[in-house]
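data28.txt (compact mmCIF, C-alpha atoms) appears below.
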# COMPACT_ATOMS: atom_id res chain seq x y z
CA MET A 1 -26.70 -1.91 -5.98
CA ALA A 2 -23.42 -1.63 -4.10
CA GLN A 3 -23.36 -1.04 -0.35
CA ILE A 4 -20.63 1.28 0.91
CA LEU A 5 -19.61 0.21 4.41
CA LYS A 6 -16.72 2.68 4.61
CA ASP A 7 -16.12 5.70 2.43
CA GLY A 8 -12.97 7.73 1.91
CA ILE A 9 -12.17 11.41 2.11
CA ASP A 10 -14.34 14.00 0.33
CA PRO A 11 -12.93 14.54 -3.20
CA GLY A 12 -13.25 18.29 -2.68
CA ILE A 13 -10.77 18.14 0.19
CA VAL A 14 -8.35 16.19 -1.99
CA LYS A 15 -8.65 18.78 -4.77
CA ALA A 16 -7.96 21.63 -2.35
CA ALA A 17 -4.85 19.82 -1.10
CA ASP A 18 -3.72 19.22 -4.69
CA ASP A 19 -4.16 22.91 -5.50
CA LYS A 20 -1.99 23.86 -2.52
CA VAL A 21 0.72 21.42 -3.61
CA ARG A 22 0.57 22.81 -7.13
CA GLY A 23 1.30 26.35 -5.96
CA ILE A 24 4.20 25.29 -3.73
CA VAL A 25 5.80 23.24 -6.49
CA GLU A 26 5.46 26.01 -9.08
CA GLY A 27 7.22 28.51 -6.84
CA THR A 28 9.94 26.05 -5.87
CA LEU A 29 10.75 25.11 -9.48
CA SER A 30 10.97 28.78 -10.42
CA ASP A 31 13.46 29.30 -7.60
CA ILE A 32 15.57 26.33 -8.73
CA GLU A 33 15.60 27.59 -12.31
CA ALA A 34 16.68 31.07 -11.18
CA ARG A 35 19.27 30.19 -8.54
CA GLY A 36 20.48 26.69 -9.39
CA ASP A 37 22.76 25.12 -6.80
CA ASP A 38 22.05 27.80 -4.20
CA ALA A 39 18.35 27.01 -4.32
CA ILE A 40 19.03 23.26 -4.19
CA ARG A 41 21.18 23.71 -1.08
CA ASP A 42 18.64 25.95 0.68
CA LEU A 43 15.83 23.46 0.01
CA SER A 44 17.91 20.49 1.08
CA VAL A 45 18.81 22.20 4.36
CA LYS A 46 15.20 23.26 4.93
CA PHE A 47 13.53 19.91 4.27
CA ASP A 48 16.24 17.33 4.99
CA ASN A 49 18.68 19.25 7.24
CA TRP A 50 21.29 18.18 4.69
CA ASN A 51 24.09 20.52 3.65
CA ARG A 52 27.04 19.61 1.40
CA ASP A 53 29.36 21.36 -1.00
CA ASN A 54 28.46 18.81 -3.67
CA TYR A 55 25.47 16.48 -3.46
CA ARG A 56 26.97 13.92 -5.83
CA LEU A 57 28.36 10.97 -3.89
CA SER A 58 32.02 10.17 -4.35
CA VAL A 59 33.42 6.73 -5.13
CA SER A 60 34.61 6.40 -1.52
CA GLU A 61 31.15 7.27 -0.19
CA ILE A 62 29.55 4.70 -2.48
CA ASN A 63 32.05 2.07 -1.36
CA ALA A 64 31.33 2.92 2.28
CA CYS A 65 27.61 2.32 1.67
CA LEU A 66 28.39 -1.02 0.02
CA ALA A 67 30.50 -1.96 3.04
CA ASP A 68 27.53 -1.24 5.32
CA MET A 69 25.57 -4.02 3.65
CA SER A 70 25.78 -7.62 4.82
CA ALA A 71 26.57 -10.42 2.40
CA GLN A 72 22.94 -11.53 2.62
CA ASP A 73 21.75 -7.98 1.85
CA ILE A 74 23.90 -7.94 -1.27
CA ARG A 75 22.63 -11.37 -2.38
CA ASP A 76 19.04 -10.24 -1.86
CA ILE A 77 19.57 -7.11 -3.95
CA GLU A 78 21.26 -9.20 -6.64
CA PHE A 79 18.28 -11.59 -6.71
CA ALA A 80 15.76 -8.76 -7.11
CA GLN A 81 17.85 -7.02 -9.75
CA GLU A 82 18.27 -10.22 -11.73
CA GLN A 83 14.48 -10.64 -11.88
CA VAL A 84 13.89 -7.03 -12.92
CA ARG A 85 16.68 -7.17 -15.52
CA ASN A 86 15.42 -10.44 -16.97
CA PHE A 87 11.86 -9.22 -17.40
CA ALA A 88 13.01 -5.89 -18.83
CA GLN A 89 15.15 -7.78 -21.37
CA ILE A 90 12.16 -9.93 -22.33
CA GLN A 91 10.17 -6.75 -22.90
CA LYS A 92 13.01 -5.23 -24.93
CA ASP A 93 13.22 -8.35 -27.08
CA ALA A 94 9.52 -7.94 -27.91
CA LEU A 95 10.32 -4.60 -29.54
CA ARG A 96 12.05 -4.42 -32.89
CA ASP A 97 13.04 -2.02 -35.59
CA VAL A 98 11.02 -2.47 -38.77
CA GLU A 99 11.58 -1.76 -42.45
CA VAL A 100 9.14 -2.78 -45.15
CA GLU A 101 8.52 -2.05 -48.82
CA THR A 102 4.86 -0.99 -48.72
CA MET A 103 4.61 -0.67 -52.50
CA PRO A 104 7.22 -1.01 -55.25
CA GLY A 105 9.91 1.59 -54.60
CA VAL A 106 8.53 2.88 -51.28
CA ILE A 107 10.32 1.81 -48.11
CA LEU A 108 9.00 2.76 -44.66
CA GLY A 109 10.49 1.91 -41.30
CA HIS A 110 11.06 2.87 -37.70
CA LYS A 111 13.95 2.71 -35.29
CA ASN A 112 13.77 2.43 -31.50
CA ILE A 113 16.32 4.87 -30.12
CA PRO A 114 17.02 5.17 -26.38
CA VAL A 115 16.70 8.44 -24.52
CA GLN A 116 20.23 9.81 -24.05
CA ASN A 117 19.95 11.08 -20.45
CA ALA A 118 17.59 9.72 -17.79
CA GLY A 119 17.05 10.95 -14.24
CA CYS A 120 15.74 8.36 -11.78
CA TYR A 121 14.10 9.47 -8.54
CA VAL A 122 14.23 6.99 -5.65
CA PRO A 123 11.91 7.83 -2.71
CA GLY A 124 13.46 7.46 0.70
CA GLY A 125 12.11 10.01 3.16
CA LYS A 126 10.04 7.63 5.30
CA TYR A 127 11.56 4.33 4.17
CA PRO A 128 14.75 3.63 2.18
CA MET A 129 12.97 2.33 -0.93
CA LEU A 130 15.89 0.69 -2.67
CA ALA A 131 13.53 -1.28 -4.93
CA SER A 132 12.83 1.90 -6.90
CA ALA A 133 16.48 1.90 -7.95
CA HIS A 134 16.08 -1.53 -9.55
CA MET A 135 12.90 -0.52 -11.32
CA SER A 136 14.25 2.66 -12.88
CA VAL A 137 18.01 2.30 -13.33
CA LEU A 138 18.02 -1.32 -14.51
CA THR A 139 15.15 -0.74 -16.91
CA ALA A 140 16.95 2.26 -18.41
CA LYS A 141 20.16 0.23 -18.70
CA VAL A 142 18.41 -2.56 -20.59
CA ALA A 143 16.90 0.06 -22.91
CA GLY A 144 20.41 1.30 -23.69
CA VAL A 145 20.31 4.78 -22.08
CA PRO A 146 23.93 6.08 -22.12
CA ARG A 147 23.73 8.35 -19.04
CA ILE A 148 21.63 7.53 -15.99
CA ILE A 149 21.64 9.69 -12.87
CA THR A 150 19.81 9.01 -9.64
CA CYS A 151 18.59 11.07 -6.72
CA ALA A 152 17.40 9.82 -3.34
CA PRO A 153 16.99 11.81 -0.12
CA PRO A 154 19.25 11.25 2.87
CA PHE A 155 17.87 8.85 5.47
CA GLU A 156 18.42 9.64 9.13
CA GLY A 157 21.04 12.26 8.33
CA LYS A 158 23.18 10.42 5.79
CA PRO A 159 22.94 8.70 2.41
CA ALA A 160 20.78 5.59 2.72
CA SER A 161 23.28 2.75 2.34
CA ALA A 162 20.75 0.29 0.91
CA ILE A 163 19.54 2.75 -1.73
CA VAL A 164 23.08 3.74 -2.71
CA ALA A 165 24.10 0.10 -2.98
CA ALA A 166 21.10 -0.66 -5.19
CA GLN A 167 21.72 2.39 -7.37
CA HIS A 168 25.37 1.48 -7.85
CA MET A 169 24.71 -2.22 -8.45
CA ALA A 170 22.03 -1.35 -11.01
CA GLY A 171 24.54 0.74 -12.96
CA ALA A 172 23.82 4.40 -12.16
CA ASP A 173 26.43 6.72 -13.67
CA GLU A 174 25.94 9.55 -11.17
CA ILE A 175 24.42 9.21 -7.68
CA TYR A 176 23.14 12.25 -5.77
CA ALA A 177 21.90 12.46 -2.18
CA LEU A 178 18.97 14.77 -2.85
CA GLY A 179 15.25 14.40 -2.27
CA GLY A 180 11.92 16.01 -3.02
CA ILE A 181 11.18 18.84 -5.43
CA GLN A 182 14.81 19.93 -5.29
CA ALA A 183 16.00 16.59 -6.68
CA VAL A 184 13.46 16.46 -9.49
CA GLY A 185 14.02 20.12 -10.34
CA ALA A 186 17.80 19.77 -10.37
CA MET A 187 17.69 16.77 -12.71
CA ALA A 188 15.21 18.34 -15.11
CA LEU A 189 16.38 21.95 -15.14
CA GLY A 190 20.06 21.45 -14.43
CA THR A 191 22.26 23.53 -12.14
CA GLN A 192 25.83 24.74 -12.14
CA THR A 193 26.98 21.25 -11.09
CA ILE A 194 24.27 18.93 -12.44
CA GLN A 195 23.82 18.41 -16.17
CA PRO A 196 20.10 18.22 -17.01
CA VAL A 197 18.43 15.04 -18.21
CA ASP A 198 16.01 14.39 -21.06
CA MET A 199 13.60 12.26 -19.06
CA LEU A 200 12.46 11.88 -15.43
CA VAL A 201 11.21 8.60 -14.00
CA GLY A 202 10.32 7.15 -10.63
CA PRO A 203 7.60 7.35 -8.00
CA GLY A 204 7.36 9.85 -5.17
CA ASN A 205 5.09 11.76 -2.84
CA ALA A 206 2.51 14.32 -3.95
CA PHE A 207 5.15 17.04 -4.32
CA VAL A 208 7.46 14.90 -6.45
CA ALA A 209 4.57 13.77 -8.65
CA GLU A 210 3.37 17.34 -9.13
CA ALA A 211 6.89 18.52 -9.93
CA LYS A 212 7.14 15.89 -12.66
CA ARG A 213 3.77 16.97 -14.01
CA GLN A 214 4.82 20.61 -14.22
CA LEU A 215 8.16 19.75 -15.79
CA TYR A 216 6.62 17.58 -18.49
CA GLY A 217 7.38 19.22 -21.81
CA ARG A 218 10.72 20.54 -20.62
CA VAL A 219 11.61 16.88 -20.17
CA GLY A 220 9.80 13.63 -20.75
CA ILE A 221 8.32 11.75 -17.81
CA ASP A 222 7.38 8.13 -17.37
CA LEU A 223 3.89 8.66 -15.93
CA PHE A 224 2.00 10.20 -13.04
CA ALA A 225 3.26 8.08 -10.13
CA GLY A 226 2.24 9.70 -6.86
CA PRO A 227 1.31 8.27 -3.45
CA THR A 228 0.63 4.55 -3.69
CA GLU A 229 -2.86 3.08 -4.11
CA THR A 230 -4.13 -0.45 -3.60
CA MET A 231 -7.35 -2.32 -4.22
CA VAL A 232 -8.33 -5.80 -3.10
CA ILE A 233 -11.04 -7.56 -5.10
CA ALA A 234 -12.21 -10.60 -3.15
CA ASP A 235 -15.07 -13.03 -2.77
CA ASP A 236 -15.69 -15.66 -0.12
CA THR A 237 -12.88 -17.88 -1.41
CA VAL A 238 -10.46 -15.97 0.86
CA ASP A 239 -10.52 -14.81 4.48
CA ALA A 240 -10.32 -11.52 6.34
CA GLU A 241 -6.73 -11.93 7.51
CA ILE A 242 -5.26 -12.01 4.01
CA CYS A 243 -7.48 -9.14 2.80
CA ALA A 244 -6.62 -6.94 5.79
CA THR A 245 -2.92 -7.71 5.49
CA ASP A 246 -2.85 -6.83 1.81
CA LEU A 247 -4.70 -3.55 2.40
CA LEU A 248 -2.51 -2.38 5.27
CA GLY A 249 0.64 -3.59 3.56
CA GLN A 250 0.22 -0.71 1.12
CA ALA A 251 -1.49 1.79 3.42
CA GLU A 252 1.73 1.92 5.45
CA HIS A 253 3.40 3.86 2.63
CA GLY A 254 2.05 7.11 4.01
CA PRO A 255 -0.97 9.00 5.29
CA ASP A 256 -2.33 9.66 1.78
CA SER A 257 -2.33 6.14 0.34
CA PRO A 258 -5.84 4.96 -0.61
CA ALA A 259 -6.75 1.32 0.10
CA VAL A 260 -10.02 -0.10 -1.22
CA LEU A 261 -11.77 -3.42 -0.62
CA LEU A 262 -14.30 -4.57 -3.22
CA THR A 263 -16.14 -7.75 -2.33
CA THR A 264 -19.34 -9.65 -3.02
CA SER A 265 -19.43 -10.86 0.59
CA GLU A 266 -20.73 -8.55 3.32
CA LYS A 267 -19.50 -11.07 5.88
CA LEU A 268 -15.94 -10.86 4.51
CA ALA A 269 -16.15 -7.08 4.36
CA ARG A 270 -17.12 -6.71 8.01
CA GLU A 271 -14.63 -9.32 9.18
CA THR A 272 -11.87 -7.55 7.23
CA MET A 273 -12.68 -4.24 8.92
CA VAL A 274 -12.42 -5.93 12.32
CA GLU A 275 -9.14 -7.59 11.33
CA ILE A 276 -7.74 -4.25 10.18
CA ASP A 277 -8.51 -2.75 13.58
CA ARG A 278 -6.69 -5.68 15.23
CA LEU A 279 -3.64 -5.42 12.99
CA LEU A 280 -3.40 -1.68 13.58
CA GLN A 281 -2.80 -2.43 17.25
CA ILE A 282 0.33 -4.45 16.50
CA LEU A 283 1.69 -3.26 13.13
CA PRO A 284 4.94 -1.34 13.69
CA THR A 285 4.05 1.04 10.84
CA ALA A 286 0.53 1.64 12.13
CA GLY A 287 1.27 5.34 12.53
CA HIS A 288 1.13 5.83 8.77
CA ALA A 289 -1.25 2.99 7.97
CA ARG A 290 -3.95 4.07 10.45
CA VAL A 291 -4.15 7.63 9.11
CA SER A 292 -4.24 6.34 5.56
CA TRP A 293 -6.95 3.77 6.27
CA GLU A 294 -9.11 6.09 8.34
CA THR A 295 -8.84 8.94 5.81
CA TYR A 296 -8.76 7.19 2.45
CA GLY A 297 -9.88 3.61 3.08
CA GLN A 298 -13.01 2.29 1.40
CA VAL A 299 -15.06 -0.89 1.77
CA ILE A 300 -17.66 -1.55 -0.93
CA VAL A 301 -19.92 -4.61 -1.06
CA CYS A 302 -21.10 -5.34 -4.61
CA GLU A 303 -23.98 -7.47 -5.80
CA ASP A 304 -21.89 -9.57 -8.18
CA HIS A 305 -18.62 -9.75 -10.09
CA ASP A 306 -19.91 -7.57 -12.91
CA GLU A 307 -20.53 -4.75 -10.46
CA MET A 308 -17.11 -5.24 -8.89
CA LEU A 309 -15.55 -5.02 -12.35
CA LYS A 310 -17.38 -1.75 -13.05
CA TYR A 311 -16.19 -0.21 -9.78
CA ALA A 312 -12.64 -1.46 -10.32
CA ASN A 313 -12.35 0.00 -13.81
CA ASP A 314 -13.78 3.32 -12.61
CA ILE A 315 -11.42 3.61 -9.64
CA ALA A 316 -8.42 2.53 -11.78
CA SER A 317 -6.22 1.75 -8.80
CA GLU A 318 -2.45 1.50 -9.05
CA HIS A 319 -2.30 -2.02 -7.56
CA VAL A 320 -5.19 -4.46 -7.90
CA GLN A 321 -5.01 -7.68 -5.87
CA ILE A 322 -7.60 -10.19 -7.15
CA MET A 323 -8.57 -13.18 -5.02
CA THR A 324 -11.73 -14.75 -6.38
CA ASP A 325 -13.06 -17.90 -8.01
CA ARG A 326 -12.49 -16.27 -11.46
CA ASP A 327 -9.18 -14.42 -11.36
CA ASP A 328 -8.49 -14.92 -15.08
CA TRP A 329 -11.90 -13.41 -15.90
CA TYR A 330 -10.70 -10.17 -14.33
CA LEU A 331 -7.44 -10.41 -16.30
CA GLU A 332 -9.50 -10.64 -19.48
CA ASN A 333 -11.91 -7.82 -18.59
CA MET A 334 -10.01 -5.27 -16.49
CA VAL A 335 -9.00 -2.28 -18.63
CA SER A 336 -7.94 0.45 -16.17
CA TYR A 337 -5.28 -0.25 -13.55
CA GLY A 338 -1.56 -0.10 -12.86
CA ALA A 339 -0.76 -3.78 -12.31
CA LEU A 340 -2.75 -6.90 -11.48
CA PHE A 341 -1.82 -9.45 -8.81
CA LEU A 342 -3.79 -12.60 -9.53
CA GLY A 343 -4.59 -15.11 -6.81
CA ALA A 344 -3.86 -15.42 -3.13
CA ARG A 345 -0.38 -16.85 -3.75
CA THR A 346 0.90 -13.51 -5.04
CA ASN A 347 0.62 -10.01 -3.62
CA VAL A 348 1.64 -6.41 -4.23
CA ALA A 349 4.82 -6.72 -2.15
CA TYR A 350 6.13 -9.37 -4.57
CA GLY A 351 5.75 -6.94 -7.45
CA ASP A 352 7.09 -4.03 -5.42
CA LYS A 353 10.28 -5.75 -4.36
CA ALA A 354 11.43 -8.92 -6.07
CA ILE A 355 9.33 -10.77 -8.64
CA GLY A 356 10.54 -8.82 -11.68
CA THR A 357 7.67 -6.64 -12.89
CA ASN A 358 8.08 -2.88 -12.50
CA HIS A 359 6.60 -1.16 -9.47
CA THR A 360 6.50 2.37 -10.88
CA LEU A 361 2.82 2.47 -11.80
CA PRO A 362 0.10 5.02 -12.67
CA THR A 363 -1.93 6.61 -9.85
CA LYS A 364 -4.90 8.98 -9.64
CA LYS A 365 -6.79 7.21 -12.43
CA ALA A 366 -3.88 7.54 -14.88
CA GLY A 367 -4.26 3.80 -15.52
CA ARG A 368 -7.08 4.80 -17.86
CA TYR A 369 -4.54 5.99 -20.42
CA THR A 370 -1.11 4.60 -19.54
CA GLY A 371 0.56 1.54 -18.15
CA GLY A 372 3.53 1.48 -15.80
CA LEU A 373 7.23 2.10 -16.30
CA TRP A 374 8.84 -0.42 -18.63
CA VAL A 375 11.77 -0.61 -20.99
CA GLY A 376 9.71 0.94 -23.80
CA LYS A 377 9.33 4.20 -21.85
CA PHE A 378 13.04 4.85 -22.37
CA LEU A 379 12.83 4.21 -26.12
CA LYS A 380 11.71 6.71 -28.75
CA THR A 381 10.24 5.18 -31.89
CA HIS A 382 11.32 7.28 -34.88
CA SER A 383 9.98 6.64 -38.36
CA TYR A 384 11.76 7.11 -41.69
CA GLN A 385 10.92 6.78 -45.35
CA LYS A 386 12.85 6.18 -48.56
CA VAL A 387 11.65 6.26 -52.18
CA THR A 388 13.93 4.27 -54.47
CA THR A 389 12.35 4.53 -57.95
CA ASP A 390 11.22 7.34 -60.24
CA GLU A 391 7.90 5.61 -60.77
CA ALA A 392 7.14 5.45 -57.05
CA SER A 393 8.03 9.11 -56.49
CA SER A 394 5.81 10.16 -59.39
CA LEU A 395 2.90 8.00 -58.23
CA VAL A 396 2.94 9.21 -54.61
CA GLY A 397 3.62 12.75 -55.82
CA ARG A 398 0.42 12.93 -57.89
CA TYR A 399 -1.73 11.82 -54.96
CA THR A 400 0.13 14.11 -52.56
CA SER A 401 -0.27 17.14 -54.82
CA ARG A 402 -4.02 16.74 -55.13
CA LEU A 403 -4.46 16.14 -51.39
CA CYS A 404 -2.35 19.21 -50.56
CA MET A 405 -4.48 21.40 -52.80
CA LEU A 406 -7.63 20.14 -51.06
CA GLU A 407 -6.18 21.65 -47.89
CA GLY A 408 -4.96 24.82 -49.55
CA PHE A 409 -1.27 24.04 -49.02
CA GLN A 410 0.17 25.21 -52.34
CA GLY A 411 3.76 25.08 -51.16
CA HIS A 412 3.27 21.50 -50.01
CA ALA A 413 1.74 20.68 -53.40
CA GLU A 414 4.74 22.13 -55.22
CA GLN A 415 7.06 19.84 -53.21
CA ALA A 416 5.19 16.96 -54.82
CA ASN A 417 4.84 18.58 -58.25
CA VAL A 418 8.54 19.20 -58.73
CA ARG A 419 9.20 15.51 -58.23
CA VAL A 420 6.43 14.48 -60.62
CA ARG A 421 8.00 16.72 -63.27
CA ARG A 422 11.54 15.49 -62.60
CA TYR A 423 10.98 11.81 -61.96
CA GLY A 424 7.74 11.17 -63.85
CA GLY A 425 8.36 13.28 -66.94
CA GLN A 426 4.83 14.69 -66.69
CA ASN A 427 3.90 18.27 -67.43
CA VAL A 428 1.98 19.07 -64.25
CA PRO A 429 1.14 22.75 -63.66
CA TYR A 430 3.05 24.77 -61.10
CA ALA A 431 1.21 25.69 -57.95
CA GLN A 432 0.07 29.30 -57.96
CA GLY A 433 2.99 31.61 -57.30
CA ALA A 434 5.69 28.96 -57.77
CA GLU A 435 8.49 29.90 -60.14
CA PRO A 436 9.91 27.16 -62.44
CA VAL A 437 13.56 26.30 -62.13
CA ALA A 438 15.66 25.95 -65.27
CA GLY A 439 15.75 22.32 -66.31
CA ALA A 440 13.12 21.29 -63.75
CA ASP A 441 10.95 19.64 -66.39
CA LYS A 442 13.70 17.22 -67.37
CA VAL A 443 13.51 13.80 -65.78
CA GLY A 444 16.42 13.28 -63.40
CA SER A 445 17.57 16.91 -63.56
In structure tokens, what does this structure look like?
Amino acid sequence: MAQILKDGIDPGIVKAADDKVRGIVEGTLSDIEARGDDAIRDLSVKFDNWNRDNYRLSVSEINACLADMSAQDIRDIEFAQEQVRNFAQIQKDALRDVEVETMPGVILGHKNIPVQNAGCYVPGGKYPMLASAHMSVLTAKVAGVPRIITCAPPFEGKPASAIVAAQHMAGADEIYALGGIQAVGAMALGTQTIQPVDMLVGPGNAFVAEAKRQLYGRVGIDLFAGPTETMVIADDTVDAEICATDLLGQAEHGPDSPAVLLTTSEKLARETMVEIDRLLQILPTAGHARVSWETYGQVIVCEDHDEMLKYANDIASEHVQIMTDRDDWYLENMVSYGALFLGARTNVAYGDKAIGTNHTLPTKKAGRYTGGLWVGKFLKTHSYQKVTTDEASSLVGRYTSRLCMLEGFQGHAEQANVRVRRYGGQNVPYAQGAEPVAGADKVGS
């Protein structure tokens, strides 16, 4: 039986906080829908102290942000974007349109068609998270989305140069300096100056995630991607320093970022807790990380790997760092998570920033039913059918007619019957209430 050395916040408190967020977001989106640009401006002034006539950045403003970046900064962004683009293209190449003759004269197929307008949210309130621009804009570009707009909040009173550079280099068509609910609402609902999108993607805080949830249906969304989560699964093949570093490396995102250690070693668990306390004395971002760890952090000592696997699949964390003597066993058996990071040589930061996989991942147990953002999220798979022979139409029609009548759909049945009469030359009865059309019984008429 597992031993819990440190437990996180009471789930009831989390639910109450979520309910409060839900009410705020609902009211804010209603205001945006009613007042458009005026509401966007009021919210931007209130939350970001940011007031402009037009929140879309001009070409000169974008160029000024690019000029702020050093040559090394630009090379680093190019490296990260090349990795993300390459992996997205590999994923795209794994998808294909299909067309097959399933029986003589019956052709079925599907086409993968890109979403026509995508809105990409890039978080930047606490940190200028330029990596989210790579993950969303580049992935949409590879998918073939014709119009891609981006929103990111101002950072320290002006557009965040690194984010703007990344958005532009990734290929964004329109770049807006807007954050929070107002950004998501503007992209989804549209305003007097912002044309609405068909799909919203990108991570964000609890308010951004809830706004996307409420807007789903009006627009598509990638997934529920709220405050970051991390889990370390470790045995005694690794030490406390690496476990503590990997936990705090994600806890620094904000005060509501859960970090969980699962281990079969009580010694490692206790040493990791001590190491976390030491690192919190020197980590520059300890202000966020300490609150997150103290409020949401968990340390669970399991009897064996099977028990760790059970806990891991139940928690369904966004990021799962696995450092054990059987990493591939977890790869084979884990079923609920955002992304796996296998072995001590890799870590969540690699995936977040530069290695090429996408860092927009499911949170709050959404890994039970969806994976992360990828090129396929921007593609809609549409089916089609074609019947090329009289014989095939008559054959399928007879089956369809009988099945429709089993369900009581007489009008559906008549759709089939009229084709059996025309293309099969068979004298099938009309469905009750259907009136024959002159010449309908003649094949090919």
Test item: which residues lie within 10 Å of (-11.4, -8.8, -13.0) counting all atoms listed in the file, as a PyMOL selection string: chain A and resi 233+305-306+308-310+312-313+320-324+326-335+340+342
Using CA of Ala2 (chain A) and CA of Tyr311 (chain A) as the two end points, give the distance in Å to one decimal.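 The value is 9.3 Å.
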Considering only C-alpha atoms, can you say which of A:Gly376, A:Pro258, A:Gly179, A:Gly351 comes closest to Gly8 (chain A)?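 So, comparing all the options, the nearest one is A:Pro258.
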Taking 3 positions as the minimum chain separation for residues in the same chain, which residues sit within 10 Å of region 353-355 of chain A when counting all atoms listed in the file? Answer as a short mmCIF file (atom, residue, chain, number, x, y, z; two decimals) with C-alpha atoms, keeping the file's coordinate frame.
data_model
loop_
_atom_site.label_atom_id
_atom_site.label_comp_id
_atom_site.auth_asym_id
_atom_site.auth_seq_id
_atom_site.Cartn_x
_atom_site.Cartn_y
_atom_site.Cartn_z
CA ASP A 76 19.04 -10.24 -1.86
CA ILE A 77 19.57 -7.11 -3.95
CA GLU A 78 21.26 -9.20 -6.64
CA PHE A 79 18.28 -11.59 -6.71
CA ALA A 80 15.76 -8.76 -7.11
CA GLN A 81 17.85 -7.02 -9.75
CA GLU A 82 18.27 -10.22 -11.73
CA GLN A 83 14.48 -10.64 -11.88
CA VAL A 84 13.89 -7.03 -12.92
CA PHE A 87 11.86 -9.22 -17.40
CA MET A 129 12.97 2.33 -0.93
CA LEU A 130 15.89 0.69 -2.67
CA ALA A 131 13.53 -1.28 -4.93
CA SER A 132 12.83 1.90 -6.90
CA HIS A 134 16.08 -1.53 -9.55
CA MET A 135 12.90 -0.52 -11.32
CA THR A 346 0.90 -13.51 -5.04
CA VAL A 348 1.64 -6.41 -4.23
CA ALA A 349 4.82 -6.72 -2.15
CA TYR A 350 6.13 -9.37 -4.57
CA ASN A 358 8.08 -2.88 -12.50
CA HIS A 359 6.60 -1.16 -9.47
#
Fewer than 5 positions away in the same chain doesn't count, so skip those; otherwise give me all residues within 10 Å of Asp390 (chain A), counting all atoms listed in the file, as a ChimeraX atom specification. /A:105,395,419-420,422-425,443-444
Tell me which protein, DNA and RNA residues are within 9 Å of Val122 (chain A), counting only C-alpha atoms, leaving out same-chain ones fewer than 3 positions away, and put them as an MDAnalysis selection string. chainID A and resid 128:133 136 150:153 163 167 179 202:204
Same residues, C-alpha atoms, saved as a CSV table (one decimal), keeping the file's coordinate frame:
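In the end it all went to result_6.csv:
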chain,number,residue,atom,x,y,z
A,128,PRO,CA,14.8,3.6,2.2
A,129,MET,CA,13.0,2.3,-0.9
A,130,LEU,CA,15.9,0.7,-2.7
A,131,ALA,CA,13.5,-1.3,-4.9
A,132,SER,CA,12.8,1.9,-6.9
A,133,ALA,CA,16.5,1.9,-8.0
A,136,SER,CA,14.2,2.7,-12.9
A,150,THR,CA,19.8,9.0,-9.6
A,151,CYS,CA,18.6,11.1,-6.7
A,152,ALA,CA,17.4,9.8,-3.3
A,153,PRO,CA,17.0,11.8,-0.1
A,163,ILE,CA,19.5,2.8,-1.7
A,167,GLN,CA,21.7,2.4,-7.4
A,179,GLY,CA,15.2,14.4,-2.3
A,202,GLY,CA,10.3,7.2,-10.6
A,203,PRO,CA,7.6,7.4,-8.0
A,204,GLY,CA,7.4,9.8,-5.2
Just checking: using only C-alpha atoms, which residue out of A:Gln192, A:Asp239, A:Val59, A:Gly157 ends up closest to Asp173 (chain A)?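 For Asp173 (chain A), the nearest of the candidates is A:Val59.
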